[in-house]
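So this block is final-v6.txt, compact mmCIF, C-alpha atoms:
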```txt
# COMPACT_ATOMS: atom_id res chain seq x y z
CA MET A 1 160.84 111.97 132.85
CA CYS A 2 164.61 111.74 132.95
CA LEU A 3 166.54 108.48 133.36
CA GLY A 4 170.05 109.88 133.41
CA TRP A 5 172.57 111.89 131.43
CA VAL A 6 172.35 111.79 127.65
CA THR A 7 175.63 111.81 125.72
CA ALA A 8 176.10 114.02 122.67
CA THR A 9 176.18 111.01 120.38
CA ASP A 10 172.94 109.54 121.72
CA SER A 11 171.17 112.91 121.87
CA CYS A 12 170.85 113.03 118.09
CA SER A 13 169.52 109.49 117.67
CA TYR A 14 166.17 107.80 118.18
CA LYS A 15 167.92 105.29 120.40
CA GLY A 16 169.00 107.96 122.80
CA LEU A 17 165.48 109.37 122.96
CA ILE A 18 163.91 105.93 123.54
CA GLU A 19 166.40 105.19 126.31
CA HIS A 20 165.77 108.62 127.81
CA LEU A 21 162.01 107.97 127.90
CA GLY A 22 162.42 104.49 129.33
CA LEU A 23 160.80 102.76 126.38
CA ASP A 24 163.73 100.46 125.63
CA SER A 25 162.66 97.88 128.20
CA ASP A 26 159.50 96.08 129.26
CA ASN A 27 158.16 98.86 131.48
CA PHE A 28 154.90 97.86 133.22
CA GLN A 29 154.05 101.44 134.15
CA MET A 30 154.39 102.72 130.59
CA LYS A 31 152.21 99.95 129.10
CA SER A 32 149.48 99.41 131.70
CA LEU A 33 148.83 102.62 133.64
CA ARG A 34 147.13 105.75 132.41
CA PRO A 35 149.89 108.19 131.48
CA VAL A 36 149.19 110.83 134.16
CA TYR A 37 151.12 111.80 137.26
CA ASN A 38 147.92 112.66 139.14
CA PHE A 39 145.29 109.89 138.79
CA SER A 40 142.47 112.38 139.47
CA ASN A 41 143.15 114.01 136.10
CA PRO A 42 141.15 112.28 133.32
CA THR A 43 142.90 111.41 130.10
CA GLU A 44 141.32 113.17 127.12
CA VAL A 45 141.27 111.10 123.95
CA LEU A 46 140.62 113.01 120.73
CA VAL A 47 139.05 110.95 117.95
CA ASP A 48 138.50 111.54 114.25
CA LEU A 49 136.71 109.17 111.88
CA TYR A 50 137.02 109.20 108.09
CA VAL A 51 134.92 107.04 105.76
CA THR A 52 136.90 105.74 102.79
CA SER A 53 134.31 103.37 101.28
CA ILE A 54 130.84 101.89 101.76
CA THR A 55 131.12 98.19 100.99
CA ASP A 56 127.62 96.95 101.80
CA VAL A 57 124.26 98.08 103.15
CA ASN A 58 121.97 95.17 104.04
CA GLU A 59 118.39 96.37 104.47
CA LYS A 60 117.07 93.01 105.62
CA ALA A 61 119.78 92.48 108.24
CA GLN A 62 119.82 96.20 109.13
CA SER A 63 123.62 96.28 108.91
CA PHE A 64 126.11 98.74 107.48
CA ALA A 65 129.59 97.75 106.25
CA THR A 66 132.23 100.44 105.77
CA GLN A 67 135.95 100.97 105.59
CA ILE A 68 137.04 103.74 107.94
CA THR A 69 140.20 105.37 109.18
CA LEU A 70 140.12 105.95 112.94
CA VAL A 71 142.58 108.50 114.34
CA LEU A 72 143.22 108.64 118.11
CA ALA A 73 145.27 111.27 119.90
CA TRP A 74 145.98 111.75 123.60
CA ILE A 75 148.56 113.25 125.96
CA ASN A 76 151.08 110.94 127.58
CA GLU A 77 152.70 112.81 130.43
CA PHE A 78 155.50 110.24 130.61
CA THR A 79 156.81 110.81 127.09
CA ARG A 80 157.62 114.53 127.06
CA TRP A 81 161.10 115.70 126.18
CA ASN A 82 162.95 118.89 125.45
CA ASP A 83 163.70 118.85 121.73
CA SER A 84 166.69 121.14 122.22
CA ASN A 85 168.42 118.30 124.12
CA PHE A 86 167.93 115.95 121.16
CA CYS A 87 169.14 118.01 118.20
CA GLY A 88 165.67 119.50 117.61
CA LEU A 89 163.96 116.09 117.41
CA GLN A 90 160.24 116.78 117.89
CA LYS A 91 158.56 113.50 116.90
CA CYS A 92 159.33 109.84 116.92
CA THR A 93 157.62 106.61 115.76
CA ILE A 94 157.60 103.68 118.17
CA ASP A 95 156.02 100.26 118.59
CA LYS A 96 152.60 100.79 120.21
CA ASP A 97 153.11 97.73 122.42
CA LYS A 98 155.67 99.76 124.36
CA MET A 99 153.12 102.20 125.81
CA TRP A 100 149.57 102.61 127.08
CA ILE A 101 146.83 102.62 124.43
CA PRO A 102 143.27 103.78 125.26
CA ASP A 103 140.66 100.99 125.23
CA ILE A 104 138.45 102.59 122.58
CA THR A 105 135.64 100.47 121.11
CA ILE A 106 132.69 101.04 118.75
CA ALA A 107 129.42 100.20 120.46
CA GLU A 108 127.45 99.24 117.32
CA SER A 109 130.13 96.96 115.87
CA ILE A 110 129.11 93.47 114.77
CA LYS A 111 132.41 92.59 113.13
CA VAL A 112 135.72 94.46 113.07
CA GLU A 113 138.67 93.65 110.83
CA PHE A 114 141.83 95.46 109.84
CA ALA A 115 141.72 96.62 106.23
CA SER A 116 145.17 95.22 105.44
CA VAL A 117 147.61 94.82 108.34
CA GLU A 118 147.23 96.20 111.84
CA ASN A 119 149.27 99.35 112.30
CA PRO A 120 151.96 98.41 114.87
CA TYR A 121 153.22 101.95 115.49
CA VAL A 122 152.24 105.20 117.15
CA LYS A 123 153.62 108.67 116.59
CA MET A 124 155.01 110.55 119.62
CA PHE A 125 155.55 114.32 119.84
CA ASN A 126 157.88 116.15 122.20
CA TYR A 127 155.04 117.91 124.05
CA GLY A 128 153.56 114.52 125.05
CA ALA A 129 151.00 113.95 122.30
CA VAL A 130 150.60 110.41 120.95
CA VAL A 131 148.75 109.68 117.70
CA LEU A 132 147.47 106.30 116.51
CA SER A 133 145.83 105.70 113.14
CA GLU A 134 144.00 102.47 112.19
CA THR A 135 142.18 101.55 108.97
CA LEU A 136 139.31 99.20 109.80
CA VAL A 137 136.61 97.31 107.95
CA LEU A 138 133.49 97.59 110.10
CA THR A 139 130.15 95.84 110.00
CA THR A 140 127.83 97.68 112.35
CA ALA A 141 124.16 97.59 113.25
CA CYS A 142 122.17 100.43 111.69
CA LYS A 143 118.48 101.09 112.19
CA MET A 144 117.16 102.04 108.75
CA ASP A 145 113.96 103.82 107.79
CA LEU A 146 112.90 102.44 104.40
CA TYR A 147 109.60 104.31 104.13
CA LYS A 148 110.87 106.43 101.19
CA PHE A 149 112.74 103.58 99.48
CA PRO A 150 114.36 103.98 96.94
CA PHE A 151 114.61 107.74 97.53
CA ASP A 152 115.73 107.23 101.13
CA VAL A 153 118.49 108.87 103.14
CA GLN A 154 119.95 106.81 105.98
CA THR A 155 121.88 107.90 109.05
CA CYS A 156 124.04 105.27 110.76
CA ASN A 157 125.74 105.85 114.10
CA LEU A 158 129.24 104.81 115.14
CA THR A 159 129.58 105.39 118.89
CA VAL A 160 133.13 105.57 120.20
CA GLN A 161 133.62 104.89 123.91
CA SER A 162 135.93 103.33 126.45
CA SER A 163 135.14 99.75 127.40
CA MET A 164 136.30 100.04 131.04
CA ASN A 165 137.24 103.62 132.02
CA SER A 166 134.61 105.91 133.50
CA ILE A 167 134.16 109.56 132.58
CA ASP A 168 136.35 110.49 135.60
CA GLU A 169 139.23 108.54 134.07
CA LEU A 170 138.84 108.98 130.32
CA THR A 171 136.91 111.44 128.15
CA VAL A 172 136.34 111.24 124.41
CA ASN A 173 136.11 114.32 122.19
CA SER A 174 136.33 115.11 118.50
CA LEU A 175 139.72 116.07 117.14
CA THR A 176 138.31 118.18 114.28
CA ASP A 177 134.82 119.32 113.29
CA GLY A 178 132.32 117.50 111.09
CA SER A 179 132.90 119.65 108.02
CA PHE A 180 136.61 118.77 107.94
CA MET A 181 135.92 115.05 108.39
CA THR A 182 133.25 115.19 105.65
CA ALA A 183 135.55 116.98 103.18
CA SER A 184 138.45 114.62 103.91
CA SER A 185 136.22 111.56 103.57
CA LYS A 186 134.82 112.69 100.22
CA LYS A 187 138.33 113.38 98.98
CA SER A 188 139.55 109.88 99.86
CA PHE A 189 136.31 108.03 99.04
CA GLN A 190 137.14 104.98 96.93
CA THR A 191 133.82 103.46 95.80
CA GLN A 192 131.03 104.63 93.52
CA GLY A 193 128.27 102.15 94.23
CA GLU A 194 124.59 102.27 95.11
CA TRP A 195 125.12 104.60 98.06
CA GLU A 196 126.38 108.16 98.02
CA PHE A 197 128.29 109.48 101.03
CA ILE A 198 126.78 112.75 102.28
CA SER A 199 128.33 113.85 105.60
CA ILE A 200 129.76 113.02 109.01
CA SER A 201 128.80 114.81 112.20
CA ALA A 202 129.85 114.25 115.81
CA SER A 203 127.90 114.68 119.04
CA LYS A 204 128.55 113.97 122.71
CA SER A 205 126.63 111.61 124.98
CA ASN A 206 127.22 109.27 127.92
CA ILE A 207 126.06 105.92 129.20
CA THR A 208 125.83 104.31 132.62
CA THR A 209 127.70 101.02 133.08
CA PHE A 210 128.15 99.26 136.44
CA GLY A 211 126.91 102.42 138.13
CA TYR A 212 129.52 104.66 136.47
CA PHE A 213 129.10 107.19 133.68
CA MET A 214 131.14 106.52 130.56
CA ASP A 215 131.85 109.21 128.01
CA GLN A 216 130.74 108.64 124.42
CA LEU A 217 131.37 110.33 121.10
CA LYS A 218 128.71 109.53 118.49
CA PHE A 219 129.59 109.86 114.81
CA GLN A 220 126.54 110.13 112.53
CA ILE A 221 127.26 109.00 108.97
CA THR A 222 124.64 110.14 106.46
CA ILE A 223 124.32 108.27 103.16
CA LYS A 224 121.88 108.58 100.27
CA ARG A 225 120.74 105.85 97.91
CA ARG A 226 121.14 106.30 94.16
CA PRO A 227 117.62 105.39 92.95
CA LEU A 228 118.21 105.04 89.19
CA LEU A 229 118.37 101.24 89.24
CA TYR A 230 115.04 100.94 91.07
CA ILE A 231 113.40 103.57 88.86
CA VAL A 232 114.34 101.55 85.77
CA ASN A 233 113.54 98.12 87.21
CA PHE A 234 110.44 98.80 89.35
CA ILE A 235 108.81 102.21 89.17
CA SER A 236 108.91 102.75 85.39
CA PRO A 237 107.56 99.28 84.46
CA VAL A 238 104.69 99.52 86.96
CA PHE A 239 103.81 103.01 85.73
CA CYS A 240 103.88 101.78 82.12
CA PHE A 241 101.55 98.92 83.08
CA LEU A 242 99.15 101.48 84.53
CA VAL A 243 99.25 103.57 81.33
CA LEU A 244 98.60 100.45 79.25
CA ASP A 245 95.65 99.58 81.46
CA VAL A 246 94.13 103.00 80.83
CA ALA A 247 94.76 102.61 77.10
CA SER A 248 93.05 99.20 77.13
CA PHE A 249 89.68 100.90 77.71
CA PHE A 250 89.79 101.93 74.06
CA MET A 251 90.35 98.36 72.85
CA ASN A 252 87.63 96.28 71.25
CA SER A 253 86.23 93.96 73.91
CA ALA A 254 85.17 91.33 71.37
CA GLU A 255 86.42 87.76 71.84
CA GLY A 256 87.88 88.55 75.29
CA GLU A 257 91.10 90.23 74.04
CA LYS A 258 90.68 93.24 76.32
CA LEU A 259 90.11 91.10 79.41
CA GLY A 260 93.08 88.86 78.64
CA PHE A 261 95.33 91.89 78.17
CA LYS A 262 94.36 93.29 81.59
CA VAL A 263 94.95 89.95 83.31
CA THR A 264 98.43 89.82 81.74
CA LEU A 265 99.23 93.25 83.22
CA LEU A 266 98.06 92.06 86.64
CA LEU A 267 100.33 89.02 86.51
CA ALA A 268 103.31 91.17 85.47
CA ILE A 269 102.86 93.42 88.52
CA SER A 270 102.58 90.31 90.72
CA VAL A 271 106.04 89.21 89.57
CA LEU A 272 107.52 92.64 90.41
CA LEU A 273 105.94 92.51 93.87
CA LEU A 274 107.59 89.15 94.53
CA ILE A 275 110.99 90.55 93.52
CA LEU A 276 110.44 93.61 95.72
CA ASN A 277 109.55 91.38 98.67
CA ASP A 278 113.03 89.83 98.53
CA THR A 279 114.65 93.26 98.76
CA LEU A 280 112.74 94.94 101.57
CA PRO A 281 112.79 93.74 105.20
CA SER A 282 109.62 92.21 106.61
CA THR A 283 110.13 93.88 110.00
CA ALA A 284 109.61 97.47 108.83
CA ASN A 285 107.24 99.49 111.03
CA GLU A 286 105.76 101.22 107.99
CA VAL A 287 105.04 99.85 104.56
CA PRO A 288 107.55 101.43 102.12
CA LEU A 289 106.02 103.81 99.60
CA ILE A 290 107.19 101.67 96.70
CA GLY A 291 105.17 98.80 98.16
CA VAL A 292 102.13 101.06 98.46
CA PHE A 293 102.73 102.28 94.90
CA CYS A 294 102.81 98.77 93.42
CA SER A 295 99.97 97.43 95.59
CA VAL A 296 97.57 100.29 94.81
CA ILE A 297 98.24 99.98 91.07
CA PHE A 298 97.70 96.22 91.40
CA ILE A 299 94.32 96.88 93.07
CA LEU A 300 93.34 99.52 90.48
CA ILE A 301 94.04 97.14 87.60
CA GLY A 302 92.07 94.44 89.43
CA ILE A 303 89.09 96.79 89.77
CA SER A 304 89.32 97.70 86.08
CA ILE A 305 89.18 93.98 85.24
CA LEU A 306 85.96 93.65 87.26
CA GLU A 307 84.52 96.68 85.44
CA SER A 308 85.41 95.16 82.08
CA ILE A 309 83.67 91.92 83.08
CA LEU A 310 80.53 93.87 84.05
CA VAL A 311 80.49 95.90 80.84
CA ASP A 312 81.03 92.77 78.73
CA PHE A 313 78.13 91.09 80.53
CA LEU A 314 75.79 94.00 79.87
CA MET A 315 76.78 94.20 76.21
CA ALA A 316 76.38 90.47 75.77
CA ARG A 317 72.97 90.56 77.44
CA GLY A 318 71.83 93.30 75.06
CA ASP A 319 73.19 91.43 72.04
CA GLN A 320 71.38 88.29 73.16
CA ILE A 321 68.03 90.09 73.35
CA GLU A 322 68.69 91.78 70.00
CA ASP A 323 69.41 88.43 68.35
CA SER A 324 66.22 86.88 69.73
CA THR A 325 64.20 89.89 68.58
CA SER A 326 65.65 89.73 65.07
CA THR A 327 64.79 86.03 64.87
CA VAL A 328 61.16 86.60 65.86
CA THR A 329 60.81 89.53 63.45
CA ASP A 330 62.26 87.58 60.54
CA THR A 331 59.88 84.69 61.23
CA ALA A 332 56.90 87.02 61.33
CA LYS A 333 57.94 88.64 58.06
CA ASP A 334 58.38 85.28 56.39
CA SER A 335 54.94 84.12 57.53
CA ASN A 336 53.33 87.32 56.29
CA SER A 337 55.09 87.26 52.94
CA LEU A 338 54.24 83.66 52.03
CA PRO A 339 51.39 83.48 49.44
CA ASP A 340 48.24 81.66 50.56
CA PRO A 341 46.15 80.43 47.56
CA GLU A 342 43.15 79.55 49.68
CA THR A 343 43.08 83.05 51.13
CA ASP A 344 43.22 84.53 47.63
CA GLN A 345 40.40 82.33 46.46
CA SER A 346 38.19 83.05 49.46
CA GLU A 347 39.18 86.68 49.94
CA GLU A 348 35.80 87.90 49.02
CA ARG A 349 34.20 85.54 51.52
CA LEU A 350 36.09 86.95 54.58
CA SER A 351 33.82 88.45 57.06
CA THR A 352 34.28 91.85 58.55
CA LEU A 353 35.15 90.22 61.91
CA ASP A 354 38.14 88.33 60.40
CA CYS A 355 39.54 91.52 58.94
CA LEU A 356 39.45 93.29 62.29
CA LYS A 357 41.12 90.30 63.95
CA GLN A 358 44.07 90.40 61.50
CA ILE A 359 44.52 94.13 61.99
CA LEU A 360 44.59 93.72 65.77
CA THR A 361 47.13 90.87 65.54
CA LYS A 362 49.55 92.96 63.40
CA PHE A 363 49.24 95.90 65.76
CA CYS A 364 50.14 93.73 68.77
CA ASN A 365 53.18 92.24 66.98
CA ALA A 366 54.46 95.71 66.11
CA ALA A 367 54.04 96.88 69.71
CA ASN A 368 55.93 93.86 71.07
CA HIS A 369 58.84 94.38 68.62
CA LYS A 370 59.13 98.02 69.61
CA GLY A 371 59.31 97.08 73.32
CA GLU A 372 62.03 94.49 72.74
CA THR A 373 64.07 97.00 70.72
CA ARG A 374 63.78 99.51 73.57
CA THR A 375 64.96 96.84 76.08
CA THR A 376 68.00 96.02 73.94
CA GLY A 377 68.97 99.70 73.79
CA CYS A 378 68.72 100.01 77.58
CA TRP A 379 71.31 97.25 78.15
CA HIS A 380 73.76 98.83 75.70
CA ARG A 381 73.15 102.32 77.07
CA ALA A 382 73.75 101.18 80.65
CA ALA A 383 77.01 99.51 79.63
CA MET A 384 78.22 102.67 77.88
CA ILE A 385 77.31 104.92 80.81
CA ILE A 386 79.10 102.65 83.30
CA ASN A 387 82.19 102.40 81.06
CA VAL A 388 82.54 106.15 80.44
CA THR A 389 81.89 107.04 84.09
CA PHE A 390 84.43 104.47 85.27
CA ILE A 391 87.11 105.73 82.86
CA VAL A 392 86.72 109.32 84.10
CA VAL A 393 86.75 108.34 87.79
CA TYR A 394 89.63 105.88 87.18
CA ILE A 395 91.85 108.51 85.57
CA LEU A 396 91.07 111.05 88.33
CA ILE A 397 91.96 108.51 91.03
CA ILE A 398 95.24 107.72 89.25
CA ILE A 399 96.19 111.40 89.01
CA VAL A 400 95.43 112.05 92.69
CA PHE A 401 97.29 108.92 93.76
CA LEU A 402 100.42 109.76 91.74
CA VAL A 403 100.46 113.32 93.10
CA VAL A 404 100.15 112.11 96.71
CA VAL A 405 102.85 109.45 96.31
CA SER A 406 105.24 111.84 94.57
CA LYS A 407 104.75 114.43 97.30
CA ALA A 408 105.43 111.85 100.01
CA TRP A 409 108.51 110.54 98.20
CA PHE A 410 110.21 113.85 97.47
CA THR A 411 109.13 116.01 100.42
CA GLU A 412 111.78 116.33 103.09
```

Kindly return the structure encoded in the file as structure tokens.
Amino acid sequence: MCLGWVTATDSCSYKGLIEHLGLDSDNFQMKSLRPVYNFSNPTEVLVDLYVTSITDVNEKAQSFATQITLVLAWINEFTRWNDSNFCGLQKCTIDKDKMWIPDITIAESIKVEFASVENPYVKMFNYGAVVLSETLVLTTACKMDLYKFPFDVQTCNLTVQSSMNSIDELTVNSLTDGSFMTASSKKSFQTQGEWEFISISASKSNITTFGYFMDQLKFQITIKRRPLLYIVNFISPVFCFLVLDVASFFMNSAEGEKLGFKVTLLLAISVLLLILNDTLPSTANEVPLIGVFCSVIFILIGISILESILVDFLMARGDQIEDSTSTVTDTAKDSNSLPDPETDQSEERLSTLDCLKQILTKFCNAANHKGETRTTGCWHRAAMIINVTFIVVYILIIIVFLVVVSKAWFTE
């Protein structure tokens, strides 16, 4: 595009170039129309996205807040010049309000702000390329899968598209590949918080709007949670409670100390479950594994409390029978050991029938005492068998459960 002769003085200045390109005045064509001479040619916009920080990830709201640098590049056929006519000038910076800017938006955006101040300039090159760079603070919607929380890896999409131009008018492509954007993002990453930046990849897609196809470029940002905080605050305490519950089987159950200890463990896990409920969203399609982990351990400790109650009941029942038996035996011994003067005086006058009667009575008392002793042993034996069997089955269930949960957590 040539607007007239360029003097030697102006040819080596930005002013001369701007006047030559017609950007020194309020030019409607330069600002409003796609910069092509043939309207049937679509304008190709090349886009790169670099993540500089992850400011917030809200699991409950399913939102993802980042600071990004968005680089746009396109060809403006109206701003080409021969650098040899301008003292070798090959690039120039100009106010972006002077020329056409592609209407690029991010489909998932909830809130968009400029990181500091909006960049008012674009960079022009002599072969017609125009480059715009913006640093934005984005809050976008992100569908998160929290099944493996806190060992989860999330992928959030940022879809770049035109808000009005169809695919016949404007196409969107990646300026560089995903590996370059990933390496550049990691190099400029500014935060070291809960989330670790993994990679960026780009893929093409399109959408139909008002009966027209619109081109899309989808950036997939992969991030990984650092789980140390949750291991220390949730997983380790719950696992320690489970180990203490197993160890409580070897405690003396007298005076209810064992039962009280188990109930205390159950209440402690209840508090952790309440804290966990405030962290995880209630709309998840699947229950997160950490919720399953805490809930199953809660149920196991509850079952062990019921087993302790049963064993204590059986032992108490046996002790009760043993006490009653000891009382009867002591009474019988006392009655037999007391001296009876009348019996001594009339011992010779006892008949043979009375002697047989006394022998039969002693035999019956001995038989009854032996039966009560056997009954007492049965209650204690049953309690011991139930307790030992439960401990073995309980430990096996815990081992199988921990193996299954670990495999589900750490298997890709």

Task: Top pick for closest residue to Lys262 in chain A, considering A:Met124, A:Ile301, A:Val57, A:Val51 and counting all atoms listed in the file - done: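 That would be A:Ile301, the residue with the smallest distance to Lys262 in chain A.
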
Open item on the list: Just checking: using all atoms listed in the file, which residue out of A:Val172, A:Ile221, A:Leu132, A:Leu244 ends up closest to Ala65 in chain A?
Closed with: A:Ile221

Task: Counting all atoms listed in the file, the residue of A:Ser205, A:Ser304, A:Gln192, A:Ser406 that sits nearest Val292 in chain A - done: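 With all atoms listed in the file as the atom set, the closest residue is A:Ser406.
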
At a cut-off of 12 Å, using all atoms listed in the file, what residues contact range 195-197 of chain A? Leave out same-chain residues fewer than 3 positions from it and give the result as a CSV table (one decimal) with C-alpha atoms, in the frame of the given file.
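Writing the result to around08.csv gives the following:
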```csv
chain,number,residue,atom,x,y,z
A,50,TYR,CA,137.0,109.2,108.1
A,51,VAL,CA,134.9,107.0,105.8
A,52,THR,CA,136.9,105.7,102.8
A,53,SER,CA,134.3,103.4,101.3
A,54,ILE,CA,130.8,101.9,101.8
A,55,THR,CA,131.1,98.2,101.0
A,56,ASP,CA,127.6,97.0,101.8
A,57,VAL,CA,124.3,98.1,103.2
A,58,ASN,CA,122.0,95.2,104.0
A,64,PHE,CA,126.1,98.7,107.5
A,65,ALA,CA,129.6,97.8,106.2
A,66,THR,CA,132.2,100.4,105.8
A,150,PRO,CA,114.4,104.0,96.9
A,151,PHE,CA,114.6,107.7,97.5
A,152,ASP,CA,115.7,107.2,101.1
A,153,VAL,CA,118.5,108.9,103.1
A,154,GLN,CA,120.0,106.8,106.0
A,155,THR,CA,121.9,107.9,109.0
A,156,CYS,CA,124.0,105.3,110.8
A,181,MET,CA,135.9,115.0,108.4
A,182,THR,CA,133.2,115.2,105.6
A,183,ALA,CA,135.6,117.0,103.2
A,184,SER,CA,138.4,114.6,103.9
A,185,SER,CA,136.2,111.6,103.6
A,186,LYS,CA,134.8,112.7,100.2
A,187,LYS,CA,138.3,113.4,99.0
A,188,SER,CA,139.6,109.9,99.9
A,189,PHE,CA,136.3,108.0,99.0
A,190,GLN,CA,137.1,105.0,96.9
A,191,THR,CA,133.8,103.5,95.8
A,192,GLN,CA,131.0,104.6,93.5
A,200,ILE,CA,129.8,113.0,109.0
A,220,GLN,CA,126.5,110.1,112.5
A,221,ILE,CA,127.3,109.0,109.0
A,222,THR,CA,124.6,110.1,106.5
A,223,ILE,CA,124.3,108.3,103.2
A,224,LYS,CA,121.9,108.6,100.3
A,225,ARG,CA,120.7,105.8,97.9
A,226,ARG,CA,121.1,106.3,94.2
A,227,PRO,CA,117.6,105.4,93.0
A,228,LEU,CA,118.2,105.0,89.2
A,229,LEU,CA,118.4,101.2,89.2
```

TODO: To one decimal in Å, tell me the separation between CA of Ser166 in chain A and CA of Ala129 in chain A.
DONE: 21.4 Å

- [ ] Would you kindly return, as JSON, numbers by chain, each protein, DNA or RNA residue with an atom no farther than 12 Å from any atom of Phe298 in chain A, considering all atoms listed in the file and excluding same-chain residues fewer than 6 positions away?
- [x] {"A": [238, 239, 241, 242, 245, 262, 263, 264, 265, 266, 267, 268, 269, 270, 271, 272, 273, 291, 292, 304, 305, 398]}

Open item on the list: Is it possible to get the residues within 12 Å of (84.6, 105.2, 78.9) (coordinates as in the file, counting all atoms listed in the file) written as an NGL selection string?
Closed with: :A and (246-251 or 304 or 307-308 or 311 or 381-395)

TODO: Give the answer as one residue: which of A:Asn76, A:Asn157, A:Ser203, A:Thr69 has the shortest atom-to-atom distance to Pro35 in chain A, using all atoms listed in the file?
DONE: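 Under the stated criterion, the closest residue is A:Asn76.
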
As a CSV table (one decimal), in the coordinates of the input, could you write out range 228-247 of chain A once it has been completed with N, CA and C atoms?
```
chain,number,residue,atom,x,y,z
A,228,LEU,N,118.4,105.3,90.6
A,228,LEU,CA,118.2,105.0,89.2
A,228,LEU,C,117.9,103.6,88.9
A,229,LEU,N,118.6,102.7,89.5
A,229,LEU,CA,118.4,101.2,89.2
A,229,LEU,C,116.9,100.8,89.6
A,230,TYR,N,116.4,101.3,90.7
A,230,TYR,CA,115.0,100.9,91.1
A,230,TYR,C,114.0,101.7,90.2
A,231,ILE,N,114.3,102.9,89.8
A,231,ILE,CA,113.4,103.6,88.9
A,231,ILE,C,113.2,102.8,87.6
A,232,VAL,N,114.4,102.3,87.0
A,232,VAL,CA,114.3,101.6,85.8
A,232,VAL,C,113.7,100.2,85.9
A,233,ASN,N,114.0,99.5,87.1
A,233,ASN,CA,113.5,98.1,87.2
A,233,ASN,C,112.2,98.0,87.9
A,234,PHE,N,111.7,99.0,88.6
A,234,PHE,CA,110.4,98.8,89.4
A,234,PHE,C,109.4,99.9,89.0
A,235,ILE,N,109.8,101.1,89.3
A,235,ILE,CA,108.8,102.2,89.2
A,235,ILE,C,108.4,102.4,87.7
A,236,SER,N,109.3,102.5,86.8
A,236,SER,CA,108.9,102.8,85.4
A,236,SER,C,108.1,101.6,84.8
A,237,PRO,N,108.4,100.3,85.0
A,237,PRO,CA,107.6,99.3,84.5
A,237,PRO,C,106.1,99.3,85.0
A,238,VAL,N,106.0,99.5,86.4
A,238,VAL,CA,104.7,99.5,87.0
A,238,VAL,C,103.9,100.7,86.4
A,239,PHE,N,104.5,101.9,86.3
A,239,PHE,CA,103.8,103.0,85.7
A,239,PHE,C,103.4,102.7,84.3
A,240,CYS,N,104.2,102.1,83.5
A,240,CYS,CA,103.9,101.8,82.1
A,240,CYS,C,102.7,100.8,82.1
A,241,PHE,N,102.7,99.8,83.0
A,241,PHE,CA,101.6,98.9,83.1
A,241,PHE,C,100.2,99.7,83.4
A,242,LEU,N,100.3,100.7,84.2
A,242,LEU,CA,99.2,101.5,84.5
A,242,LEU,C,98.7,102.3,83.3
A,243,VAL,N,99.6,102.8,82.6
A,243,VAL,CA,99.2,103.6,81.3
A,243,VAL,C,98.6,102.6,80.3
A,244,LEU,N,99.2,101.4,80.2
A,244,LEU,CA,98.6,100.4,79.2
A,244,LEU,C,97.2,100.0,79.7
A,245,ASP,N,97.0,99.9,81.0
A,245,ASP,CA,95.6,99.6,81.5
A,245,ASP,C,94.6,100.7,81.1
A,246,VAL,N,95.0,101.9,81.2
A,246,VAL,CA,94.1,103.0,80.8
A,246,VAL,C,93.9,102.9,79.3
A,247,ALA,N,94.9,102.7,78.6
A,247,ALA,CA,94.8,102.6,77.1
A,247,ALA,C,93.9,101.4,76.7
```
